>>> print(open('upload_25.cif').read())   # mmCIF, C-alpha atoms and all ligand atoms
data_coords
#
loop_
_atom_site.label_atom_id
_atom_site.label_comp_id
_atom_site.auth_asym_id
_atom_site.auth_seq_id
_atom_site.Cartn_x
_atom_site.Cartn_y
_atom_site.Cartn_z
CA MET H 1 33.52 -11.18 -18.37
CA ASN H 2 31.09 -9.50 -16.01
CA VAL H 3 31.72 -7.34 -12.96
CA ARG H 4 31.04 -10.16 -10.55
CA GLU H 5 33.80 -12.25 -12.12
CA ILE H 6 36.12 -9.26 -12.19
CA LEU H 7 35.79 -8.85 -8.43
CA THR H 8 37.88 -12.02 -8.09
CA THR H 9 40.29 -11.25 -10.96
CA LYS H 10 43.99 -10.33 -10.56
CA GLU H 11 45.17 -6.74 -10.43
CA GLY H 12 46.71 -5.59 -13.70
CA SER H 13 44.37 -7.63 -15.91
CA GLU H 14 43.02 -6.09 -19.11
CA ILE H 15 39.29 -5.56 -18.72
CA LYS H 16 36.47 -5.10 -21.22
CA LEU H 17 33.02 -4.32 -19.83
CA ASN H 18 29.53 -3.39 -20.99
CA GLY H 19 27.09 -1.77 -18.61
CA TRP H 20 25.22 1.31 -17.43
CA VAL H 21 26.25 4.48 -15.65
CA ALA H 22 24.81 4.09 -12.15
CA ASN H 23 26.54 7.13 -10.71
CA LYS H 24 29.17 9.75 -11.56
CA SER H 25 31.49 12.10 -9.72
CA SER H 26 34.84 13.83 -10.06
CA ILE H 27 37.57 14.80 -7.62
CA GLY H 28 40.33 17.05 -8.93
CA SER H 29 41.65 15.58 -12.18
CA LEU H 30 39.96 12.20 -11.62
CA THR H 31 36.54 11.25 -13.01
CA PHE H 32 34.61 8.37 -11.49
CA ILE H 33 31.76 6.32 -12.92
CA LEU H 34 30.00 3.65 -10.92
CA LEU H 35 29.28 0.99 -13.54
CA ARG H 36 26.44 -1.48 -13.16
CA ASP H 37 26.27 -4.46 -15.50
CA GLY H 38 23.52 -6.50 -13.86
CA SER H 39 25.96 -8.75 -12.00
CA ALA H 40 27.49 -6.20 -9.61
CA TYR H 41 28.87 -2.65 -9.35
CA ILE H 42 32.42 -1.47 -10.03
CA GLN H 43 34.15 1.89 -9.98
CA LEU H 44 35.66 3.19 -13.24
CA VAL H 45 38.36 5.82 -13.04
CA GLY H 46 39.29 8.31 -15.74
CA LYS H 47 42.77 9.77 -15.29
CA ARG H 48 44.48 12.37 -17.43
CA GLY H 49 47.56 10.88 -19.09
CA PHE H 50 46.19 7.33 -18.91
CA THR H 51 42.69 7.75 -20.31
CA ASN H 52 42.65 9.25 -23.81
CA ASP H 53 41.32 12.83 -24.04
CA GLU H 54 38.21 11.92 -25.99
CA SER H 55 37.31 9.23 -23.45
CA LEU H 56 37.95 11.57 -20.55
CA LYS H 57 35.48 14.04 -22.05
CA ILE H 58 32.91 11.27 -22.52
CA MET H 59 33.33 10.18 -18.89
CA GLN H 60 32.68 13.75 -17.76
CA ASP H 61 29.66 14.32 -20.03
CA VAL H 62 27.92 10.93 -20.13
CA SER H 63 24.45 10.95 -18.59
CA LEU H 64 23.24 8.65 -15.82
CA GLU H 65 21.91 5.30 -17.08
CA SER H 66 23.52 5.59 -20.51
CA ALA H 67 24.76 2.24 -21.82
CA ILE H 68 28.53 2.21 -22.25
CA THR H 69 31.40 -0.08 -23.19
CA ILE H 70 34.89 0.32 -21.76
CA ASP H 71 38.47 -1.00 -21.95
CA GLY H 72 40.86 -0.64 -19.06
CA ILE H 73 43.15 -2.12 -16.46
CA LEU H 74 42.02 -3.63 -13.16
CA ARG H 75 43.46 -2.15 -9.97
CA ASP H 76 43.10 -2.95 -6.30
CA ASP H 77 42.14 0.06 -4.24
CA VAL H 78 40.84 -0.14 -0.70
CA ARG H 79 38.86 3.08 -1.21
CA ALA H 80 36.84 1.60 -4.10
CA PRO H 81 33.56 -0.23 -3.43
CA ASN H 82 34.50 -3.97 -3.25
CA GLY H 83 38.21 -2.96 -3.22
CA LYS H 84 38.59 -3.00 -7.03
CA GLU H 85 38.43 -0.37 -9.74
CA VAL H 86 39.09 -0.16 -13.46
CA LEU H 87 41.41 2.49 -14.82
CA VAL H 88 39.73 3.39 -18.11
CA LYS H 89 41.70 3.52 -21.37
CA ASP H 90 38.77 3.91 -23.68
CA ILE H 91 35.01 4.38 -23.34
CA LYS H 92 32.20 4.45 -25.88
CA VAL H 93 28.55 5.36 -25.39
CA ILE H 94 26.36 2.64 -26.87
CA ALA H 95 23.01 4.21 -26.02
CA ASN H 96 22.61 7.64 -24.55
CA ALA H 97 20.07 8.22 -21.76
CA ASP H 98 17.83 11.27 -21.36
CA GLU H 99 17.86 12.99 -18.00
CA TRP H 100 17.16 10.19 -15.47
CA PRO H 101 13.76 10.87 -13.90
CA ILE H 102 14.36 9.02 -10.62
CA THR H 103 16.27 11.24 -8.23
CA LYS H 104 16.13 12.05 -4.52
CA SER H 105 13.99 15.12 -5.24
CA THR H 106 11.60 13.49 -7.73
CA VAL H 107 10.82 10.39 -5.67
CA THR H 108 8.11 11.75 -3.44
CA SER H 109 6.03 8.60 -3.12
CA VAL H 110 6.10 4.84 -3.43
CA LYS H 111 3.49 5.29 -6.18
CA PHE H 112 5.99 7.28 -8.25
CA LEU H 113 8.53 4.45 -8.01
CA TYR H 114 5.97 1.84 -9.07
CA ASP H 115 4.52 4.04 -11.85
CA ASN H 116 8.11 4.05 -13.12
CA ARG H 117 8.83 0.43 -12.29
CA HIS H 118 10.19 -0.12 -15.84
CA LEU H 119 13.05 2.16 -14.78
CA SER H 120 13.18 1.79 -11.00
CA ILE H 121 13.97 -1.95 -11.21
CA ARG H 122 17.51 -0.85 -12.10
CA GLY H 123 18.01 0.45 -8.57
CA LYS H 124 20.32 -1.28 -6.12
CA LYS H 125 17.58 -2.40 -3.78
CA ALA H 126 15.03 -3.41 -6.43
CA SER H 127 17.53 -5.38 -8.51
CA SER H 128 19.07 -7.12 -5.48
CA ILE H 129 15.65 -8.34 -4.36
CA LEU H 130 14.86 -9.62 -7.85
CA LYS H 131 18.18 -11.46 -8.03
CA ILE H 132 17.47 -13.18 -4.74
CA ARG H 133 14.09 -14.08 -6.16
CA SER H 134 15.79 -15.59 -9.21
CA GLU H 135 17.97 -17.69 -6.91
CA PHE H 136 14.91 -18.86 -4.98
CA ILE H 137 13.32 -20.20 -8.14
CA THR H 138 16.50 -21.68 -9.62
CA ALA H 139 17.39 -23.42 -6.36
CA SER H 140 13.85 -24.82 -6.13
CA VAL H 141 14.17 -26.31 -9.62
CA GLU H 142 17.52 -27.76 -8.58
CA TYR H 143 16.08 -29.20 -5.37
CA PHE H 144 13.09 -30.90 -6.98
CA THR H 145 15.11 -32.16 -9.93
CA LYS H 146 17.73 -33.70 -7.60
CA HIS H 147 14.95 -35.45 -5.70
CA GLY H 148 13.38 -37.08 -8.75
CA PHE H 149 10.44 -34.73 -9.32
CA THR H 150 9.07 -34.11 -12.82
CA LEU H 151 8.39 -30.50 -13.78
CA ILE H 152 4.93 -30.13 -15.29
CA SER H 153 2.87 -27.17 -16.47
CA ALA H 154 -0.81 -26.86 -15.73
CA PRO H 155 -3.32 -24.66 -17.53
CA SER H 156 -3.86 -21.10 -16.35
CA ILE H 157 -7.33 -21.01 -17.89
CA VAL H 158 -9.56 -23.33 -15.90
CA GLY H 159 -13.17 -24.27 -15.35
CA THR H 160 -13.33 -24.44 -11.54
CA ALA H 161 -12.13 -22.98 -8.25
CA VAL H 162 -9.51 -24.77 -6.18
CA GLU H 163 -9.34 -22.34 -3.29
CA GLY H 164 -12.91 -21.08 -3.03
CA GLY H 165 -15.00 -18.87 -5.27
CA SER H 166 -14.39 -15.52 -3.57
CA THR H 167 -10.99 -14.89 -5.17
CA LEU H 168 -11.72 -16.14 -8.69
CA PHE H 169 -11.01 -14.00 -11.74
CA GLU H 170 -13.70 -14.71 -14.26
CA LEU H 171 -13.08 -14.78 -18.02
CA ASN H 172 -15.38 -14.75 -20.98
CA TYR H 173 -14.10 -17.85 -22.75
CA PHE H 174 -15.80 -17.75 -26.16
CA GLY H 175 -19.16 -17.14 -24.55
CA ARG H 176 -18.59 -19.58 -21.68
CA LYS H 177 -17.41 -18.84 -18.15
CA ALA H 178 -13.82 -19.73 -17.36
CA TYR H 179 -11.42 -18.60 -14.65
CA LEU H 180 -7.76 -17.81 -14.08
CA SER H 181 -6.16 -20.60 -12.08
CA GLN H 182 -5.74 -20.16 -8.32
CA SER H 183 -3.50 -23.23 -8.00
CA ALA H 184 -2.24 -26.10 -10.14
CA GLN H 185 -2.90 -28.62 -7.38
CA LEU H 186 -5.78 -30.55 -8.92
CA TYR H 187 -3.82 -31.05 -12.15
CA GLU H 188 -0.77 -32.12 -10.16
CA GLU H 189 -2.90 -34.77 -8.50
CA ALA H 190 -3.70 -36.22 -11.91
CA ALA H 191 -0.03 -36.04 -12.90
CA ILE H 192 1.34 -37.93 -9.87
CA CYS H 193 -0.28 -41.11 -11.18
CA ALA H 194 1.87 -40.68 -14.28
CA PHE H 195 5.09 -39.39 -12.69
CA GLY H 196 5.02 -40.15 -8.95
CA LYS H 197 6.46 -36.79 -7.87
CA VAL H 198 5.70 -33.55 -9.67
CA PHE H 199 6.20 -29.82 -9.26
CA VAL H 200 5.11 -26.65 -11.00
CA ILE H 201 6.37 -23.08 -11.02
CA GLN H 202 3.76 -20.87 -12.52
CA PRO H 203 1.50 -17.88 -11.99
CA ALA H 204 -1.49 -18.18 -9.71
CA PHE H 205 -4.26 -15.59 -9.72
CA ARG H 206 -6.35 -14.33 -6.84
CA ALA H 207 -8.95 -11.59 -7.07
CA GLU H 208 -8.04 -10.41 -3.57
CA LYS H 209 -10.38 -7.59 -2.75
CA SER H 210 -8.41 -6.39 0.26
CA LYS H 211 -5.41 -4.07 0.15
CA THR H 212 -2.71 -5.68 2.27
CA ALA H 213 1.07 -5.83 2.35
CA LYS H 214 1.07 -9.55 1.54
CA HIS H 215 -1.41 -10.01 -1.30
CA LEU H 216 -0.79 -9.81 -5.02
CA THR H 217 -3.47 -10.59 -7.59
CA GLU H 218 -0.92 -12.49 -9.68
CA PHE H 219 2.01 -14.26 -8.07
CA ILE H 220 4.28 -17.22 -8.68
CA MET H 221 3.50 -20.36 -6.77
CA ILE H 222 5.79 -23.34 -6.52
CA GLU H 223 3.71 -26.43 -5.92
CA ALA H 224 4.77 -30.00 -5.32
CA GLU H 225 2.67 -33.15 -5.10
CA VAL H 226 3.85 -36.66 -4.20
CA ALA H 227 2.14 -40.05 -4.52
CA PHE H 228 2.50 -42.28 -1.45
CA ASN H 229 3.38 -39.33 0.80
CA THR H 230 1.68 -38.77 4.13
CA GLN H 231 1.25 -35.33 5.69
CA GLU H 232 4.28 -36.11 7.90
CA ASP H 233 6.36 -36.74 4.74
CA ASN H 234 4.93 -33.55 3.30
CA LEU H 235 6.06 -31.44 6.27
CA ARG H 236 9.56 -32.93 6.07
CA LEU H 237 9.68 -32.18 2.35
CA GLN H 238 8.72 -28.54 2.90
CA GLU H 239 11.31 -27.87 5.58
CA ASP H 240 14.00 -29.68 3.60
CA MET H 241 13.19 -27.71 0.46
CA LEU H 242 13.11 -24.35 2.24
CA ASN H 243 16.34 -25.14 4.06
CA TYR H 244 18.02 -26.03 0.74
CA VAL H 245 16.74 -23.01 -1.15
CA THR H 246 17.63 -20.51 1.58
CA SER H 247 21.11 -22.09 1.90
CA LYS H 248 21.63 -21.47 -1.82
CA ILE H 249 20.53 -17.87 -1.41
CA ALA H 250 22.95 -17.38 1.50
CA GLU H 251 25.72 -18.99 -0.57
CA ASN H 252 25.14 -17.41 -3.99
CA ARG H 253 23.43 -14.14 -3.12
CA ALA H 254 25.46 -12.96 -0.14
CA TYR H 255 26.45 -9.88 -2.20
CA GLU H 256 22.80 -8.92 -2.84
CA LEU H 257 21.81 -9.61 0.80
CA SER H 258 24.64 -7.31 1.86
CA LEU H 259 23.47 -4.59 -0.56
CA LEU H 260 20.09 -4.84 1.19
CA GLY H 261 21.78 -4.73 4.59
CA ARG H 262 19.98 -7.97 5.43
CA LYS H 263 21.45 -10.41 7.88
CA PHE H 264 19.65 -13.63 7.04
CA ASN H 265 19.81 -16.83 9.06
CA ILE H 266 19.24 -20.10 7.20
CA PRO H 267 16.38 -21.89 8.98
CA GLU H 268 17.68 -25.13 10.46
CA LYS H 269 15.57 -28.29 10.38
CA PRO H 270 13.31 -29.44 11.94
CA PHE H 271 10.85 -26.56 12.09
CA ASP H 272 8.63 -26.16 15.15
CA ARG H 273 5.03 -27.26 14.95
CA ILE H 274 2.06 -25.90 16.81
CA LYS H 275 -1.57 -26.93 16.50
CA TYR H 276 -4.33 -24.59 15.34
CA ASP H 277 -5.71 -24.49 18.91
CA GLU H 278 -2.36 -23.41 20.34
CA ALA H 279 -1.99 -20.77 17.62
CA ARG H 280 -5.46 -19.48 18.47
CA ASP H 281 -4.53 -19.32 22.17
CA ILE H 282 -1.47 -17.20 21.35
CA ALA H 283 -3.62 -14.80 19.32
CA ILE H 284 -6.21 -14.56 22.11
CA ARG H 285 -3.43 -13.86 24.62
CA HIS H 286 -2.51 -10.90 22.42
CA GLY H 287 -6.09 -9.69 22.42
CA ILE H 288 -7.03 -10.97 18.95
CA GLU H 289 -10.16 -13.08 19.09
CA PHE H 290 -11.59 -15.26 16.37
CA ALA H 291 -14.11 -18.09 16.49
CA TYR H 292 -12.87 -21.66 16.66
CA GLY H 293 -13.14 -23.05 13.13
CA ASP H 294 -12.48 -19.77 11.33
CA ASP H 295 -9.38 -19.31 9.24
CA ILE H 296 -6.66 -17.50 11.19
CA PRO H 297 -7.04 -13.80 10.40
CA THR H 298 -4.03 -11.86 9.08
CA GLU H 299 -3.59 -9.83 12.26
CA ALA H 300 -3.67 -12.97 14.43
CA GLU H 301 -1.18 -14.69 12.16
CA ARG H 302 1.11 -11.68 12.48
CA VAL H 303 1.20 -11.74 16.28
CA ILE H 304 1.60 -15.52 16.36
CA SER H 305 4.49 -15.40 13.92
CA LYS H 306 6.22 -12.71 16.01
CA GLU H 307 6.78 -15.33 18.69
CA PHE H 308 9.09 -17.32 16.38
CA GLU H 309 12.63 -16.90 15.12
CA LYS H 310 12.41 -19.20 12.09
CA PRO H 311 9.63 -20.70 9.95
CA PHE H 312 7.24 -23.07 11.72
CA PHE H 313 4.10 -25.04 10.95
CA ILE H 314 0.57 -24.55 12.19
CA THR H 315 -1.07 -27.99 11.94
CA ASN H 316 -4.48 -29.54 12.64
CA TYR H 317 -6.67 -26.92 11.01
CA PRO H 318 -10.38 -27.54 11.43
CA LEU H 319 -12.08 -28.53 8.19
CA SER H 320 -14.28 -25.42 8.24
CA ALA H 321 -11.16 -23.28 7.65
CA ARG H 322 -10.01 -25.35 4.67
CA SER H 323 -10.78 -26.19 1.04
CA PHE H 324 -12.86 -29.21 0.09
CA TYR H 325 -10.04 -31.59 -0.89
CA HIS H 326 -8.39 -31.93 2.53
CA MET H 327 -8.27 -35.27 4.27
CA ALA H 328 -9.85 -35.00 7.73
CA ILE H 329 -10.50 -37.12 10.77
CA ASN H 330 -13.25 -35.85 13.09
CA ASN H 331 -13.22 -32.56 11.17
CA ILE H 332 -9.51 -31.97 11.84
CA THR H 333 -7.54 -31.84 8.60
CA SER H 334 -4.15 -33.39 7.87
CA SER H 335 -2.90 -30.04 6.68
CA ALA H 336 -0.60 -27.26 7.75
CA ASP H 337 0.51 -23.76 6.93
CA MET H 338 4.17 -22.85 6.98
CA ILE H 339 4.55 -19.49 8.69
CA ALA H 340 7.52 -17.15 8.35
CA PRO H 341 8.71 -15.58 11.63
CA HIS H 342 8.87 -11.96 12.84
CA GLY H 343 5.35 -11.09 11.73
CA PHE H 344 5.68 -12.11 8.06
CA GLY H 345 3.06 -14.85 8.30
CA GLU H 346 1.93 -17.61 5.94
CA ILE H 347 4.30 -18.61 3.15
CA ALA H 348 2.98 -22.09 2.27
CA THR H 349 -0.05 -24.31 2.65
CA GLY H 350 -0.09 -28.05 2.19
CA GLY H 351 -1.77 -31.22 3.20
CA GLN H 352 -2.82 -34.76 2.52
CA ARG H 353 -5.67 -35.03 0.00
CA ILE H 354 -8.73 -37.23 -0.02
CA HIS H 355 -7.86 -40.22 -2.22
CA ASP H 356 -11.01 -42.25 -1.62
CA TYR H 357 -13.77 -41.91 -4.25
CA ASN H 358 -16.82 -41.91 -1.96
CA THR H 359 -15.27 -39.65 0.66
CA LEU H 360 -14.40 -37.07 -1.99
CA LEU H 361 -17.81 -37.26 -3.62
CA SER H 362 -19.62 -36.68 -0.35
CA ARG H 363 -17.23 -33.83 0.56
CA ILE H 364 -17.94 -32.12 -2.75
CA LYS H 365 -21.66 -32.41 -2.04
CA GLU H 366 -21.20 -31.17 1.52
CA TYR H 367 -19.39 -28.08 0.18
CA ASN H 368 -22.20 -27.52 -2.39
CA LEU H 369 -19.72 -27.59 -5.27
CA ASP H 370 -20.74 -28.31 -8.83
CA GLU H 371 -20.09 -32.04 -9.15
CA SER H 372 -20.01 -32.00 -12.94
CA SER H 373 -17.08 -29.59 -13.17
CA PHE H 374 -15.05 -31.78 -10.80
CA LYS H 375 -15.96 -34.97 -12.65
CA TRP H 376 -12.42 -35.68 -13.89
CA TYR H 377 -10.94 -34.97 -10.47
CA ILE H 378 -13.33 -37.36 -8.75
CA ASP H 379 -12.85 -39.88 -11.57
CA LEU H 380 -9.12 -40.13 -10.72
CA ARG H 381 -10.15 -41.82 -7.46
CA LYS H 382 -11.50 -44.77 -9.46
CA TYR H 383 -8.17 -45.62 -11.10
CA GLY H 384 -5.51 -46.44 -8.54
CA MET H 385 -5.19 -43.18 -6.63
CA PRO H 386 -2.90 -43.81 -3.64
CA TYR H 387 -2.66 -41.62 -0.55
CA HIS H 388 -0.78 -38.48 -1.50
CA ALA H 389 0.14 -35.04 -0.24
CA GLY H 390 1.54 -31.77 -1.50
CA PHE H 391 1.94 -28.08 -0.90
CA GLY H 392 2.13 -24.69 -2.53
CA ILE H 393 4.67 -22.05 -1.52
CA GLY H 394 4.36 -18.42 -2.59
CA VAL H 395 7.59 -17.10 -4.12
CA GLU H 396 6.93 -13.42 -3.41
CA ARG H 397 5.80 -14.15 0.16
CA CYS H 398 9.09 -15.94 0.77
CA ILE H 399 11.12 -13.15 -0.79
CA ARG H 400 9.28 -10.61 1.34
CA TRP H 401 10.45 -12.50 4.41
CA ILE H 402 13.98 -13.32 3.20
CA CYS H 403 14.63 -9.72 2.14
CA ASN H 404 12.71 -8.20 5.06
CA LEU H 405 10.36 -6.15 2.84
CA LYS H 406 7.50 -4.00 4.11
CA HIS H 407 5.32 -4.81 1.09
CA ILE H 408 5.14 -7.88 -1.13
CA ARG H 409 5.05 -5.79 -4.34
CA ALA H 410 8.84 -5.24 -4.05
CA ALA H 411 9.30 -8.99 -4.61
CA SER H 412 7.71 -8.82 -8.08
CA LEU H 413 9.21 -7.42 -11.29
CA PHE H 414 5.93 -5.81 -12.36
CA PRO H 415 3.55 -6.31 -9.44
CA ARG H 416 -0.16 -6.79 -9.91
CA THR H 417 -2.30 -5.61 -7.02
CA ILE H 418 -5.90 -4.52 -6.59
CA THR H 419 -4.89 -0.99 -7.68
CA ARG H 420 -2.14 -1.72 -10.20
CA VAL H 421 -1.96 -3.18 -13.71
CA TYR H 422 0.56 -0.58 -15.00
CA PRO H 423 3.30 -0.79 -16.20
O1 LIG U 1 -2.64 -21.22 0.73
P1 LIG U 1 -2.97 -21.34 -0.72
O2 LIG U 1 -4.22 -20.74 -1.18
O3 LIG U 1 -2.91 -22.89 -1.06
C1 LIG U 1 -3.15 -23.43 -2.30
O4 LIG U 1 -3.41 -22.79 -3.29
C2 LIG U 1 -2.96 -24.91 -2.37
N1 LIG U 1 -3.84 -25.44 -3.42
C3 LIG U 1 -1.51 -25.21 -2.66
C4 LIG U 1 -1.22 -26.68 -2.75
O5 LIG U 1 -1.41 -27.38 -1.78
N2 LIG U 1 -0.71 -27.13 -3.87
O6 LIG U 1 -1.76 -20.71 -1.54
C5 LIG U 1 -0.45 -21.23 -1.37
C6 LIG U 1 0.53 -20.11 -1.10
C7 LIG U 1 0.24 -19.30 0.17
O7 LIG U 1 0.73 -19.95 1.33
C8 LIG U 1 0.99 -18.02 -0.13
O8 LIG U 1 2.37 -18.17 0.09
C9 LIG U 1 0.75 -17.86 -1.61
O9 LIG U 1 0.46 -19.14 -2.14
N3 LIG U 1 -0.36 -16.95 -1.86
C10 LIG U 1 -0.21 -15.66 -2.21
N4 LIG U 1 0.89 -14.92 -2.44
C11 LIG U 1 0.70 -13.64 -2.81
N5 LIG U 1 -0.51 -13.07 -3.00
C12 LIG U 1 -1.64 -13.78 -2.79
N6 LIG U 1 -2.82 -13.22 -3.00
C13 LIG U 1 -1.52 -15.16 -2.39
N7 LIG U 1 -2.41 -16.13 -2.11
C14 LIG U 1 -1.68 -17.22 -1.80
MG MG U 2 -3.08 -20.95 2.60
#
>>> encode(input="upload_25.cif", output="structure tokens")
Amino acid sequence: MNVREILTTKEGSEIKLNGWVANKSSIGSLTFILLRDGSAYIQLVGKRGFTNDESLKIMQDVSLESAITIDGILRDDVRAPNGKEVLVKDIKVIANADEWPITKSTVTSVKFLYDNRHLSIRGKKASSILKIRSEFITASVEYFTKHGFTLISAPSIVGTAVEGGSTLFELNYFGRKAYLSQSAQLYEEAAICAFGKVFVIQPAFRAEKSKTAKHLTEFIMIEAEVAFNTQEDNLRLQEDMLNYVTSKIAENRAYELSLLGRKFNIPEKPFDRIKYDEARDIAIRHGIEFAYGDDIPTEAERVISKEFEKPFFITNYPLSARSFYHMAINNITSSADMIAPHGFGEIATGGQRIHDYNTLLSRIKEYNLDESSFKWYIDLRKYGMPYHAGFGIGVERCIRWICNLKHIRAASLFPRTITRVYP
């Protein structure tokens, strides 16, 4: 049994628990340990006369973050966190901990916490965020599986850029150039002709040269691609998926959201849509200028997203702001970004792809891309490629928004940024 299950168990039940000492205190003849077992927190009480003498001594002496195992009786007590506590009969130390290095006086910088991320992930805030992240991914798998998608895996070592050359990590691949994958999209497009609907959940890599609160160099992207879907279908899919996943988080991770003090509203469907031109007008009204045809700069995106209370789409991006594969009419693409509200900004990008052979070939030439490395991708258009659309949603970007985090690194177990590859 874990603590989370115990929180709904009857008073008087015999309890056995394994976990870690998250905190310790004593008042008069009572000794308290706040036990953390990875599912939740519960108060343990040592009481002379009930707890054996040896165990009482252990409860007084045990160091923070030691691993322990206990036997006891469950009691209701309104003063205890969550209204339950365990009166300890017996306690054993399974693994003793040295003096815990993370304390109010030692944590003088964010850097210190991330240099010690192998330890600091045990904290209430860090672990709650990571549990919500786990729910996000599990619920996504559930959503796509329920809707008939096939889970595929694409290579992480690739020969070409999907999202432009400026953020490619280059590898020496046995004397040849190769890259870390920016997106599984092109492989998904091949797979839809085998499976109809596919999705991936895997790392994507971006050599982002700028230090921002929303960029990691390695992150998890959930991507979906569907044969015979239009961009309209694609937008509906994205809002339906996000609505489902966030509902699951609200349902199953209410405890963790409450530990974070986060009041989170599930975004109701449908999401608002604004066109690129309207988004640009909002930015200009806030004094942030950028040329028509440029990608929307981070600062502009921030002020635009502050005008919204739930995620929304920016549609009709000009081709010049987009990758080569986007379907376009008069240089306006059938694509959209999904933007999280309150300044959080882009969380997903998607669109309808070029499925016609000649159109794709001339686009690749227009973008001055190396035709030979895209040969297989172009080739697909010769063998029954229907119209199709898909999207990629960034897990850590979503968690940053859902958990209201200042910086995206808190949404990753061991974040990778321009300045960090340790631990
Ligand atoms: O907007 P992006 O670059 O779109 C694609 O890669 C498409 N090929 C996806 C597709 O259609 N299958 O990346 C998709 C999402 C972004 O909206 C963002 O949420 C996240 O991936 N993302 C990042 N997250 C953290 N750090 C970074 N450096 C990110 N770059 C993109
Ligand atoms: Mg994008």
>>> residues_near_ligand(input="upload_25.cif", ligand="ligand MG 2 (chain U)", cutoff="9 Å", atoms="only C-alpha atoms and all ligand atoms", output="number ranges by chain")
H: 163, 322, 336-338, 346-350, 392-393
>>> atom_distance(input="upload_25.cif", atom1="CA of Ile6 in chain H", atom2="CA of Ile402 in chain H")
27.3 Å
>>> residues_around(input="upload_25.cif", residues="Ser181 in chain H", least_positions_apart="3", cutoff="8 Å", atoms="only C-alpha atoms", output="PyMOL selection string")
chain H and resi 155-158+161-162+168+184+204-205
>>> residues_around(input="upload_25.cif", residues="range 40-55 of chain H", least_positions_apart="2", cutoff="7 Å", atoms="only C-alpha atoms", output="number ranges by chain")
H: 3-4, 29-38, 57-59, 80-81, 85-91
>>> closest_residue(input="upload_25.cif", among="H:Tyr187, H:Phe174, H:Tyr276, H:Trp20", to="ligand LIG 1 (chain U)", atoms="only C-alpha atoms and all ligand atoms")
H:Tyr187
>>> closest_residue(input="upload_25.cif", among="H:Thr138, H:Gln185, H:Gln231, H:Ser362", to="ligand LIG 1 (chain U)", atoms="all atoms listed in the file")
H:Gln185
>>> residues_around(input="upload_25.cif", residues="range 111-123 of chain H", least_positions_apart="3", cutoff="7 Å", atoms="all atoms listed in the file", output="list in words")
Val107, Thr108, Ala126, Ser127, Phe414, Tyr422 and Pro423 of chain H
>>> residues_around(input="upload_25.cif", residues="Tyr325 in chain H", least_positions_apart="3", cutoff="12 Å", atoms="all atoms listed in the file", output="number ranges by chain")
H: 161-164, 185-186, 189, 319-322, 328, 333-335, 350-357, 359-367, 369, 374, 377-378, 388-390
>>> closest_residue(input="upload_25.cif", among="H:Ser373, H:Asn234, H:Asn316, H:Ser305", to="ligand LIG 1 (chain U)", atoms="all atoms listed in the file")
H:Asn234
>>> closest_residue(input="upload_25.cif", among="H:Ser247, H:Ser183, H:Ser210, H:Ser372", to="ligand LIG 1 (chain U)", atoms="all atoms listed in the file")
H:Ser183
